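J.: Just run.tsv, nothing more (TSV, C-alpha atoms (C1' of nucleotides) and all ligand atoms):
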```tsv
chain	number	residue	atom	x	y	z
V	1	MET	CA	60.31	140.46	157.22
V	2	ARG	CA	62.52	143.07	155.76
V	3	ILE	CA	66.26	142.50	155.54
V	4	THR	CA	68.06	145.73	156.34
V	5	TYR	CA	71.58	146.60	155.27
V	6	LYS	CA	72.63	145.78	158.77
V	7	GLY	CA	71.14	142.31	158.45
V	8	ASP	CA	72.60	141.80	155.02
V	9	TYR	CA	76.02	142.85	156.29
V	10	ALA	CA	75.73	140.60	159.31
V	11	LEU	CA	74.98	137.56	157.17
V	12	LYS	CA	77.82	138.30	154.77
V	13	THR	CA	80.18	138.78	157.68
V	14	ILE	CA	79.24	135.52	159.36
V	15	LEU	CA	79.65	133.80	156.04
V	16	GLY	CA	83.05	135.42	155.64
V	17	LEU	CA	84.06	134.06	159.02
V	18	ALA	CA	82.60	130.66	158.20
V	19	LEU	CA	84.86	130.48	155.17
V	20	HIS	CA	87.78	131.07	157.53
V	21	TYR	CA	86.62	128.73	160.24
V	22	GLY	CA	89.48	126.93	161.96
V	23	ASN	CA	92.04	129.54	160.96
V	24	SER	CA	93.36	132.65	162.62
V	25	PRO	CA	91.09	135.59	163.42
V	26	THR	CA	89.97	137.91	160.66
V	27	THR	CA	90.16	141.64	161.22
V	28	ILE	CA	87.23	143.99	160.88
V	29	ASN	CA	89.09	145.67	158.08
V	30	ASP	CA	89.48	142.48	156.13
V	31	LEU	CA	85.85	141.55	156.57
V	32	ALA	CA	84.72	145.03	155.64
V	33	ARG	CA	86.86	145.19	152.53
V	34	ARG	CA	85.92	141.76	151.26
V	35	ALA	CA	82.18	142.21	151.67
V	36	ASP	CA	82.23	145.91	150.79
V	37	ILE	CA	80.85	147.13	154.09
V	38	PRO	CA	81.64	150.51	155.70
V	39	THR	CA	84.25	149.68	158.35
V	40	LYS	CA	82.82	151.74	161.19
V	41	PHE	CA	79.37	150.33	160.56
V	42	LEU	CA	80.73	146.82	160.61
V	43	GLU	CA	82.44	147.50	163.93
V	44	GLN	CA	79.06	148.05	165.51
V	45	ILE	CA	77.50	145.09	163.83
V	46	LEU	CA	80.27	142.82	165.03
V	47	LEU	CA	79.86	144.06	168.58
V	48	ASP	CA	76.20	143.16	168.30
V	49	LEU	CA	76.98	139.75	166.92
V	50	LYS	CA	79.40	139.23	169.75
V	51	ARG	CA	76.72	140.08	172.31
V	52	GLY	CA	74.47	137.67	170.46
V	53	GLY	CA	76.98	134.90	170.93
V	54	PHE	CA	77.70	134.43	167.25
V	55	VAL	CA	81.29	135.62	167.20
V	56	GLU	CA	84.28	136.01	169.47
V	57	SER	CA	87.00	138.59	169.33
V	58	ARG	CA	90.70	138.86	170.06
V	59	ARG	CA	92.17	142.23	170.78
V	60	GLY	CA	95.60	143.58	170.02
V	61	LYS	CA	98.05	142.52	167.40
V	62	ILE	CA	96.98	139.45	165.40
V	63	GLY	CA	93.54	140.10	166.83
V	64	GLY	CA	90.28	139.94	164.96
V	65	TYR	CA	87.06	138.01	164.90
V	66	LEU	CA	86.22	134.33	164.94
V	67	LEU	CA	83.00	132.39	164.90
V	68	ALA	CA	81.90	131.43	168.39
V	69	ARG	CA	80.35	128.22	167.07
V	70	ALA	CA	80.96	125.92	164.18
V	71	PRO	CA	79.32	127.07	160.93
V	72	SER	CA	77.18	123.92	161.06
V	73	GLN	CA	75.71	125.19	164.33
V	74	ILE	CA	74.66	128.61	163.07
V	75	LYS	CA	71.42	128.87	161.17
V	76	LEU	CA	70.62	131.71	158.84
V	77	GLY	CA	67.37	132.34	160.69
V	78	GLU	CA	69.07	132.83	164.03
V	79	VAL	CA	71.28	135.57	162.72
V	80	ILE	CA	68.64	137.43	160.79
V	81	ARG	CA	66.22	137.30	163.69
V	82	PHE	CA	68.85	138.57	166.07
V	83	VAL	CA	69.83	141.47	163.87
V	84	ASP	CA	66.62	142.43	162.10
V	85	GLY	CA	64.02	141.16	164.51
V	86	PRO	CA	61.10	138.76	164.10
V	87	VAL	CA	60.36	137.53	160.60
V	88	GLU	CA	56.62	138.15	160.63
V	89	PRO	CA	55.42	140.71	158.08
V	90	ILE	CA	53.24	142.51	160.62
V	91	ALA	CA	53.26	142.60	164.40
V	92	CYS	CA	49.82	141.06	164.78
V	93	ALA	CA	51.11	137.75	163.44
V	94	GLY	CA	52.99	137.35	166.71
V	95	LYS	CA	51.72	135.26	169.60
V	96	LYS	CA	50.71	137.98	172.02
V	97	TYR	CA	48.85	140.69	170.25
V	98	SER	CA	45.60	142.47	170.84
V	99	GLY	CA	45.58	145.29	168.31
V	100	CYS	CA	42.64	144.17	166.24
V	101	ASN	CA	39.19	144.85	167.59
V	102	ASP	CA	38.51	141.18	167.72
V	103	VAL	CA	41.68	139.31	167.06
V	104	TYR	CA	39.95	135.95	167.14
V	105	LYS	CA	37.75	136.86	164.26
V	106	CYS	CA	40.49	138.48	162.24
V	107	VAL	CA	40.89	136.68	158.94
V	108	PHE	CA	44.24	138.24	158.10
V	109	ARG	CA	46.07	137.04	161.14
V	110	LYS	CA	46.22	133.45	160.02
V	111	ILE	CA	47.58	134.50	156.65
V	112	TRP	CA	50.44	136.45	158.15
V	113	GLN	CA	51.16	133.56	160.44
V	114	ASP	CA	51.30	131.27	157.42
V	115	VAL	CA	53.75	133.63	155.76
V	116	SER	CA	55.88	133.74	158.88
V	117	LEU	CA	55.92	129.97	159.08
V	118	ALA	CA	56.83	129.52	155.43
V	119	THR	CA	59.66	132.00	155.84
V	120	SER	CA	60.91	130.33	158.98
V	121	LYS	CA	60.97	126.97	157.31
V	122	ILE	CA	63.39	128.31	154.76
V	123	ILE	CA	65.72	130.38	156.89
V	124	ASP	CA	65.84	127.97	159.81
V	125	ASN	CA	66.73	125.12	157.56
V	126	ILE	CA	70.08	126.31	156.28
V	127	THR	CA	73.33	126.66	158.14
V	128	PHE	CA	76.43	128.65	157.37
V	129	GLU	CA	78.28	125.42	156.76
V	130	GLU	CA	76.03	124.77	153.78
V	131	LEU	CA	76.35	128.34	152.59
V	132	ALA	CA	80.11	128.16	152.82
V	133	LYS	CA	80.07	124.89	150.94
V	134	ASN	CA	77.98	126.46	148.21
V	135	ILE	CA	80.55	129.19	147.84
V	136	LYS	CA	83.47	126.79	147.73
V	137	ASP	CA	81.71	124.64	145.16
V	138	LYS	CA	81.51	127.57	142.79
V	139	GLY	CA	85.21	127.37	142.11
V	140	PRO	CA	88.49	128.61	143.57
V	141	VAL	CA	87.91	131.61	145.77
V	142	TYR	CA	90.71	134.09	145.61
V	143	THR	CA	88.89	137.23	146.49
V	144	TYR	CA	85.62	135.65	147.33
V	145	GLN	CA	82.51	137.54	146.53
V	146	ILE	CA	80.09	137.02	149.33
M	1	MET	CA	57.83	142.03	152.91
M	2	ARG	CA	56.68	144.32	155.62
M	3	ILE	CA	52.99	145.18	155.91
M	4	THR	CA	52.62	148.84	156.84
M	5	TYR	CA	49.62	150.39	158.49
M	6	LYS	CA	48.66	151.69	155.10
M	7	GLY	CA	48.70	148.18	153.69
M	8	ASP	CA	46.83	146.79	156.64
M	9	TYR	CA	44.20	149.51	156.32
M	10	ALA	CA	43.89	148.92	152.59
M	11	LEU	CA	43.23	145.23	153.08
M	12	LYS	CA	40.68	145.83	155.79
M	13	THR	CA	38.95	148.41	153.65
M	14	ILE	CA	38.75	146.17	150.62
M	15	LEU	CA	37.39	143.44	152.83
M	16	GLY	CA	34.85	145.86	154.23
M	17	LEU	CA	33.72	146.66	150.71
M	18	ALA	CA	33.69	142.99	149.80
M	19	LEU	CA	31.25	142.35	152.62
M	20	HIS	CA	29.02	144.99	151.04
M	21	TYR	CA	29.46	143.85	147.49
M	22	GLY	CA	26.31	144.25	145.43
M	23	ASN	CA	24.85	146.90	147.71
M	24	SER	CA	24.99	150.67	147.74
M	25	PRO	CA	28.27	152.55	148.13
M	26	THR	CA	29.91	152.77	151.51
M	27	THR	CA	31.21	156.11	152.70
M	28	ILE	CA	34.76	156.75	153.78
M	29	ASN	CA	33.45	157.57	157.21
M	30	ASP	CA	31.67	154.27	157.55
M	31	LEU	CA	34.69	152.34	156.40
M	32	ALA	CA	36.97	154.30	158.68
M	33	ARG	CA	34.79	153.87	161.72
M	34	ARG	CA	34.22	150.18	161.24
M	35	ALA	CA	37.84	149.29	160.73
M	36	ASP	CA	39.14	151.90	163.15
M	37	ILE	CA	41.19	153.83	160.61
M	38	PRO	CA	41.88	157.60	160.76
M	39	THR	CA	39.43	159.08	158.27
M	40	LYS	CA	41.80	161.48	156.54
M	41	PHE	CA	44.37	158.74	156.16
M	42	LEU	CA	41.80	156.43	154.67
M	43	GLU	CA	40.80	159.12	152.17
M	44	GLN	CA	44.26	158.97	150.70
M	45	ILE	CA	44.41	155.24	150.73
M	46	LEU	CA	41.10	154.99	148.90
M	47	LEU	CA	42.30	157.43	146.26
M	48	ASP	CA	45.31	155.19	145.78
M	49	LEU	CA	43.15	152.10	145.56
M	50	LYS	CA	41.01	153.87	143.02
M	51	ARG	CA	44.03	154.69	140.87
M	52	GLY	CA	45.01	151.06	141.22
M	53	GLY	CA	41.68	149.96	139.82
M	54	PHE	CA	40.50	148.21	142.95
M	55	VAL	CA	37.65	150.52	143.86
M	56	GLU	CA	35.25	153.00	142.29
M	57	SER	CA	33.71	156.06	143.82
M	58	ARG	CA	30.50	158.03	143.63
M	59	ARG	CA	30.52	161.64	144.63
M	60	GLY	CA	27.82	163.70	146.23
M	61	LYS	CA	24.93	162.58	148.33
M	62	ILE	CA	24.53	158.83	148.67
M	63	GLY	CA	28.07	158.66	147.34
M	64	GLY	CA	30.81	156.46	148.63
M	65	TYR	CA	33.03	153.63	147.52
M	66	LEU	CA	32.40	150.35	145.76
M	67	LEU	CA	34.62	147.52	144.64
M	68	ALA	CA	35.59	147.90	141.00
M	69	ARG	CA	35.69	144.11	140.59
M	70	ALA	CA	33.98	141.18	142.20
M	71	PRO	CA	35.62	140.04	145.44
M	72	SER	CA	36.40	136.74	143.73
M	73	GLN	CA	38.54	138.66	141.25
M	74	ILE	CA	40.68	140.47	143.80
M	75	LYS	CA	43.59	138.61	145.31
M	76	LEU	CA	45.17	139.57	148.56
M	77	GLY	CA	48.58	139.68	146.90
M	78	GLU	CA	47.52	142.20	144.30
M	79	VAL	CA	46.41	144.69	146.90
M	80	ILE	CA	49.36	144.31	149.20
M	81	ARG	CA	51.82	144.60	146.34
M	82	PHE	CA	50.10	147.69	145.03
M	83	VAL	CA	50.09	149.43	148.38
M	84	ASP	CA	53.25	148.20	150.08
M	85	GLY	CA	55.42	147.27	147.12
M	86	PRO	CA	57.13	144.03	146.15
M	87	VAL	CA	57.01	141.19	148.65
M	88	GLU	CA	60.67	140.29	148.56
M	89	PRO	CA	62.52	140.77	151.84
M	90	ILE	CA	65.46	142.52	150.17
M	91	ALA	CA	65.80	144.30	146.86
M	92	CYS	CA	68.44	141.94	145.50
M	93	ALA	CA	65.89	139.13	145.31
M	94	GLY	CA	64.31	140.98	142.39
M	95	LYS	CA	64.94	140.10	138.77
M	96	LYS	CA	67.13	143.01	137.71
M	97	TYR	CA	69.68	143.68	140.37
M	98	SER	CA	73.41	144.16	140.33
M	99	GLY	CA	74.27	145.31	143.82
M	100	CYS	CA	76.35	142.35	144.90
M	101	ASN	CA	79.90	142.20	143.66
M	102	ASP	CA	79.14	139.04	141.83
M	103	VAL	CA	75.45	138.43	141.89
M	104	TYR	CA	75.76	135.08	140.17
M	105	LYS	CA	77.90	133.70	142.94
M	106	CYS	CA	75.79	135.15	145.74
M	107	VAL	CA	74.43	132.38	147.91
M	108	PHE	CA	71.88	134.54	149.68
M	109	ARG	CA	70.00	135.63	146.62
M	110	LYS	CA	68.40	132.26	146.01
M	111	ILE	CA	67.25	132.12	149.60
M	112	TRP	CA	65.49	135.46	149.41
M	113	GLN	CA	63.95	134.41	146.16
M	114	ASP	CA	62.67	131.26	147.83
M	115	VAL	CA	61.15	133.35	150.60
M	116	SER	CA	59.52	135.64	148.06
M	117	LEU	CA	58.08	132.70	146.21
M	118	ALA	CA	56.72	131.04	149.34
M	119	THR	CA	55.10	134.31	150.35
M	120	SER	CA	53.60	134.83	146.92
M	121	LYS	CA	52.12	131.37	146.91
M	122	ILE	CA	50.16	132.24	150.02
M	123	ILE	CA	49.00	135.74	149.26
M	124	ASP	CA	48.25	135.15	145.60
M	125	ASN	CA	46.13	132.18	146.42
M	126	ILE	CA	43.40	133.84	148.40
M	127	THR	CA	40.70	136.19	147.19
M	128	PHE	CA	38.52	138.64	149.05
M	129	GLU	CA	35.55	136.45	148.33
M	130	GLU	CA	37.09	133.76	150.49
M	131	LEU	CA	38.03	136.23	153.17
M	132	ALA	CA	34.52	137.63	153.23
M	133	LYS	CA	33.14	134.12	153.45
M	134	ASN	CA	35.40	133.38	156.40
M	135	ILE	CA	34.03	136.40	158.18
M	136	LYS	CA	30.44	135.53	157.47
M	137	ASP	CA	31.01	131.97	158.66
M	138	LYS	CA	32.07	133.25	162.03
M	139	GLY	CA	28.51	134.20	162.85
M	140	PRO	CA	26.12	137.08	162.38
M	141	VAL	CA	28.00	140.25	161.68
M	142	TYR	CA	26.34	143.26	163.19
M	143	THR	CA	29.31	145.46	163.67
M	144	TYR	CA	31.77	143.32	161.89
M	145	GLN	CA	35.28	143.30	163.14
M	146	ILE	CA	37.56	143.25	160.22
I	1	DT	C1'	108.72	149.00	178.16
I	2	DG	C1'	107.21	151.24	174.12
I	3	DT	C1'	104.51	151.08	170.19
I	4	DA	C1'	101.79	149.54	166.50
I	5	DT	C1'	97.75	146.99	165.80
I	6	DA	C1'	93.22	145.98	166.56
I	7	DC	C1'	88.98	145.75	169.18
I	8	DT	C1'	85.46	148.76	172.32
I	9	DC	C1'	82.29	152.11	173.46
I	10	DT	C1'	79.38	156.22	173.23
I	11	DA	C1'	77.70	159.87	170.87
I	12	DC	C1'	76.29	162.19	166.94
I	13	DT	C1'	74.21	163.06	162.21
I	14	DA	C1'	71.77	162.82	157.73
I	15	DT	C1'	68.19	160.88	155.10
I	16	DT	C1'	64.05	158.58	154.34
I	17	DA	C1'	59.71	156.23	155.29
I	18	DT	C1'	55.79	156.14	157.86
I	19	DG	C1'	51.59	157.65	159.68
I	20	DA	C1'	49.25	160.83	159.86
I	21	DT	C1'	46.58	165.96	159.75
I	22	DA	C1'	44.71	170.29	157.46
I	23	DG	C1'	42.05	172.72	154.52
I	24	DA	C1'	40.29	174.36	150.26
I	25	DG	C1'	37.88	172.56	146.15
I	26	DA	C1'	34.70	169.75	143.13
I	27	DT	C1'	30.49	166.89	142.41
I	28	DT	C1'	25.83	165.24	143.06
I	29	DA	C1'	20.97	164.02	145.05
I	30	DT	C1'	17.24	166.15	146.65
W	1	DA	C1'	20.36	176.07	147.13
W	2	DT	C1'	22.61	173.07	150.17
W	3	DA	C1'	24.16	169.29	152.55
W	4	DA	C1'	26.75	165.30	151.86
W	5	DT	C1'	30.53	163.31	149.91
W	6	DC	C1'	34.63	162.56	147.32
W	7	DT	C1'	39.28	165.06	145.54
W	8	DC	C1'	43.60	167.08	145.78
W	9	DT	C1'	47.87	169.21	147.59
W	10	DA	C1'	50.54	170.50	151.21
W	11	DT	C1'	52.43	169.98	155.60
W	12	DC	C1'	54.18	167.72	159.79
W	13	DA	C1'	55.99	164.67	163.63
W	14	DT	C1'	58.28	160.59	164.76
W	15	DA	C1'	61.08	156.72	164.21
W	16	DA	C1'	64.11	153.73	161.76
W	17	DT	C1'	67.98	153.26	158.96
W	18	DA	C1'	72.59	153.83	157.56
W	19	DG	C1'	76.13	155.64	158.58
W	20	DT	C1'	80.38	158.75	160.85
W	21	DA	C1'	83.56	160.39	164.54
W	22	DG	C1'	86.63	160.00	168.04
W	23	DA	C1'	88.48	158.78	172.34
W	24	DG	C1'	89.58	154.62	174.97
W	25	DT	C1'	91.36	149.71	176.01
W	26	DA	C1'	93.91	145.44	175.32
W	27	DT	C1'	97.66	142.67	173.30
W	28	DA	C1'	101.83	140.98	170.74
W	29	DC	C1'	106.24	141.64	170.16
W	30	DA	C1'	110.65	143.95	169.44
F	201	LIG	S1	45.10	140.61	163.83
F	201	LIG	FE1	46.36	141.58	162.32
F	201	LIG	S2	45.08	142.34	160.76
F	201	LIG	FE2	43.79	141.47	162.34
F	202	LIG	S1	72.54	139.37	145.74
F	202	LIG	FE1	71.58	139.96	147.62
F	202	LIG	S2	72.91	139.39	149.23
F	202	LIG	FE2	73.90	138.89	147.32
```
Once more with this new file: its structure as structure tokens, please.
T.:
Amino acid sequence: MRITYKGDYALKTILGLALHYGNSPTTINDLARRADIPTKFLEQILLDLKRGGFVESRRGKIGGYLLARAPSQIKLGEVIRFVDGPVEPIACAGKKYSGCNDVYKCVFRKIWQDVSLATSKIIDNITFEELAKNIKDKGPVYTYQI
Amino acid sequence: MRITYKGDYALKTILGLALHYGNSPTTINDLARRADIPTKFLEQILLDLKRGGFVESRRGKIGGYLLARAPSQIKLGEVIRFVDGPVEPIACAGKKYSGCNDVYKCVFRKIWQDVSLATSKIIDNITFEELAKNIKDKGPVYTYQI
DNA sequence: TGTATACTCTACTATTATGATAGAGATTAT
DNA sequence: ATAATCTCTATCATAATAGTAGAGTATACA
């Protein structure tokens, strides 16, 4: 797994929205400014996240973005997988693969699968509700640093 | 962490040499053919591995490559880190980093550090001796499939 | 109904990493 | 000598990444 800037930005954006959950929509500009993301890049990322069912949007005045689900229902792993792809460190760790000469004898495959599993256990075990709580616990958030 | 072809090839090559440990040198061509690696690419990789202290070479006739250390003294993690770089999924998981606006408040950093640690525990806990043993246990190896 | 605000969509671009390939040169056993 | 083998530097093609640009669409509200 490699987290790209796009993935990093996506996570920070979802977290930004999680911190606003229940309130009015947040504009792309707000999200971009607060997490220090290039606005036009974030536009594309948000469209992706919308297609992925993570966020909703409102157009026009007082428009912006909202989470499509409660923060407690969005796991870190879901988002990162959607944006940056599978977490395995090499393609052959995946289920259907036949690259190796004899994949059944390959001693590395199991190792990469172990790594994938260990990674999944971490990222699929934390929701944006918990992340948001962590942030809030760190003190009053005026201009929160995501 | 993402395992590149170069990293994958390096691991397979070291394993190939581990299976030959104690015997005469193995040529680049042999190693390339047996693990299905482009010869000229493997040349470069082996030069790297040599600089990294993993292998030794003999030039001229009956030349080739040998492991510089016993297979039991070479961990998977060492090789992959040398060839493909640090295992962390994002740079900010590293010790010295100041990219985030407020890195001390960043809730993601700990997660990526957890992932790095879990990965390290796996790859730093297996040597090429064990990998070679696994291969040998799978039956007689005529043309071994790495 | 006009207009400002804000999302939507497609295309384009620059940079870098990856995965090689090419070829001349150096060393060594026989 | 010479054949086999490693050594070194340069070059190249492709794809992914990280953006940028700009025209278009929807909505609130005066
Ligand atoms: S199946 Fe991936 S290295 Fe063998
Ligand atoms: S320090 Fe890496 S996402 Fe914050």
J.: Take the point (96.8, 145.7, 167.0) as written in the file and pick out every residue within 10 Å of it, counting only C-alpha atoms (C1' of nucleotides); give the list as a PyMOL selection string.
T.: (chain V and resi 27+58-64) or (chain I and resi 3-7) or (chain W and resi 26-28)
J.: Can those selected residues be exported to a file as a PDB file, in the coordinates of the input so that it contains C-alpha atoms (C1' of nucleotides)?
T.:
```
ATOM      1  CA  THR V  27      90.160 141.640 161.220  1.00  0.00           C
ATOM      2  CA  ARG V  58      90.700 138.860 170.060  1.00  0.00           C
ATOM      3  CA  ARG V  59      92.170 142.230 170.780  1.00  0.00           C
ATOM      4  CA  GLY V  60      95.600 143.580 170.020  1.00  0.00           C
ATOM      5  CA  LYS V  61      98.050 142.520 167.400  1.00  0.00           C
ATOM      6  CA  ILE V  62      96.980 139.450 165.400  1.00  0.00           C
ATOM      7  CA  GLY V  63      93.540 140.100 166.830  1.00  0.00           C
ATOM      8  CA  GLY V  64      90.280 139.940 164.960  1.00  0.00           C
TER       9      GLY V  64
ATOM     10  C1'  DT I   3     104.510 151.080 170.190  1.00  0.00           C
ATOM     11  C1'  DA I   4     101.790 149.540 166.500  1.00  0.00           C
ATOM     12  C1'  DT I   5      97.750 146.990 165.800  1.00  0.00           C
ATOM     13  C1'  DA I   6      93.220 145.980 166.560  1.00  0.00           C
ATOM     14  C1'  DC I   7      88.980 145.750 169.180  1.00  0.00           C
TER      15       DC I   7
ATOM     16  C1'  DA W  26      93.910 145.440 175.320  1.00  0.00           C
ATOM     17  C1'  DT W  27      97.660 142.670 173.300  1.00  0.00           C
ATOM     18  C1'  DA W  28     101.830 140.980 170.740  1.00  0.00           C
TER      19       DA W  28
END
```
J.: Select, from V:Lys50, V:Arg69, V:Lys133, V:Lys110, the residue with the minimum atom-to-atom distance to chain I, counting only C-alpha atoms (C1' of nucleotides).
T.: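 Of the candidates, the smallest distance to chain I is held by V:Lys50.
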J.: Please identify all residues of chain W having at least one atom at most 12 Å from any atom of chain V, considering all atoms listed in the file, and return them as a ChimeraX atom specification.
T.: /W:16-22,25-29
J.: I'd like to know which of V:Leu46, V:Leu15, V:Ala32, V:Ile3 is closest to chain M, using all atoms listed in the file.
T.: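 Looking only at the distances to chain M, the closest residue turns out to be V:Ile3.
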J.: Check which residues of chain V sit at most 12 Å from ligand LIG 202 (chain F) using all atoms listed in the file, and return one row each with the closest pair of atoms and their distance in Å to one decimal, ordered by chain and rising number, as a tab-separated table.
T.:
```
residue	atom	partner	partner_atom	distance
V:Ile3	CA	F:LIG202	S2	9.7
V:Thr4	CA	F:LIG202	S2	10.7
V:Tyr5	CA	F:LIG202	S2	9.5
V:Lys6	CA	F:LIG202	S2	11.5
V:Gly7	CA	F:LIG202	S2	9.8
V:Asp8	CA	F:LIG202	S2	6.3
V:Tyr9	CA	F:LIG202	S2	8.5
V:Ala10	CA	F:LIG202	S2	10.5
V:Leu11	CA	F:LIG202	S2	8.4
V:Lys12	CA	F:LIG202	S2	7.5
V:Thr13	CA	F:LIG202	S2	11.2
V:Leu15	CA	F:LIG202	S2	11.1
V:Ala35	CA	F:LIG202	FE2	9.9
V:Asp36	CA	F:LIG202	FE2	11.4
V:Ile135	CA	F:LIG202	FE2	11.8
V:Gln145	CA	F:LIG202	FE2	8.8
V:Ile146	CA	F:LIG202	FE2	6.8
```
J.: Atoms to include: C-alpha atoms. Write the selected residues as a PDB file, keeping the file's coordinate frame.
T.:
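As written to disk, selection_4.pdb reads:
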```
ATOM      1  CA  ILE V   3      66.260 142.500 155.540  1.00  0.00           C
ATOM      2  CA  THR V   4      68.060 145.730 156.340  1.00  0.00           C
ATOM      3  CA  TYR V   5      71.580 146.600 155.270  1.00  0.00           C
ATOM      4  CA  LYS V   6      72.630 145.780 158.770  1.00  0.00           C
ATOM      5  CA  GLY V   7      71.140 142.310 158.450  1.00  0.00           C
ATOM      6  CA  ASP V   8      72.600 141.800 155.020  1.00  0.00           C
ATOM      7  CA  TYR V   9      76.020 142.850 156.290  1.00  0.00           C
ATOM      8  CA  ALA V  10      75.730 140.600 159.310  1.00  0.00           C
ATOM      9  CA  LEU V  11      74.980 137.560 157.170  1.00  0.00           C
ATOM     10  CA  LYS V  12      77.820 138.300 154.770  1.00  0.00           C
ATOM     11  CA  THR V  13      80.180 138.780 157.680  1.00  0.00           C
ATOM     12  CA  LEU V  15      79.650 133.800 156.040  1.00  0.00           C
ATOM     13  CA  ALA V  35      82.180 142.210 151.670  1.00  0.00           C
ATOM     14  CA  ASP V  36      82.230 145.910 150.790  1.00  0.00           C
ATOM     15  CA  ILE V 135      80.550 129.190 147.840  1.00  0.00           C
ATOM     16  CA  GLN V 145      82.510 137.540 146.530  1.00  0.00           C
ATOM     17  CA  ILE V 146      80.090 137.020 149.330  1.00  0.00           C
TER      18      ILE V 146
END
```
J.: Please check the contacts: residues of chain M at most 10 Å away from chain V, using only C-alpha atoms, listed as a ChimeraX atom specification.
T.: /M:1-5,8,11-12,15,34-36,76,87-91,100-108,111-112,114-123,126,130-135,138-139,144-146
J.: Name the closest residue to chain I among the candidates V:Ala68, V:Asn23, V:Ser57, V:Leu31; distances are taken between atoms, counting all atoms listed in the file.
T.: V:Ser57
J.: Leaving out DC9 in chain I and any residue of its chain fewer than 4 positions from it, which residues lie within 10 Å of it when counting all atoms listed in the file, given as a list in words?
T.: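 Returned residues: Gln44 and Leu47 of chain V; DA23, DG24 and DT25 of chain W.
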J.: Please, what distance in Å, to one decimal, runs between C1' of DT21 in chain I and C1' of DA13 in chain W?
T.: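 Those two atoms sit 10.3 Å apart.
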J.: Produce the centre coordinates and the three edge lengths, each in Å to one decimal, of the box along x, y and z that contains all listed atoms of ligand LIG 201 (chain F) with 8 Å added on each side, as lines of an AutoDock Vina configuration file.
T.:
```
center_x = 45.1
center_y = 141.5
center_z = 162.3
size_x = 18.6
size_y = 17.7
size_z = 19.1
```
J.: CA of Ile14 in chain V and CA of Arg109 in chain M are how many Å apart?
T.: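 CA of Arg109 in chain M lies 15.7 Å from CA of Ile14 in chain V.
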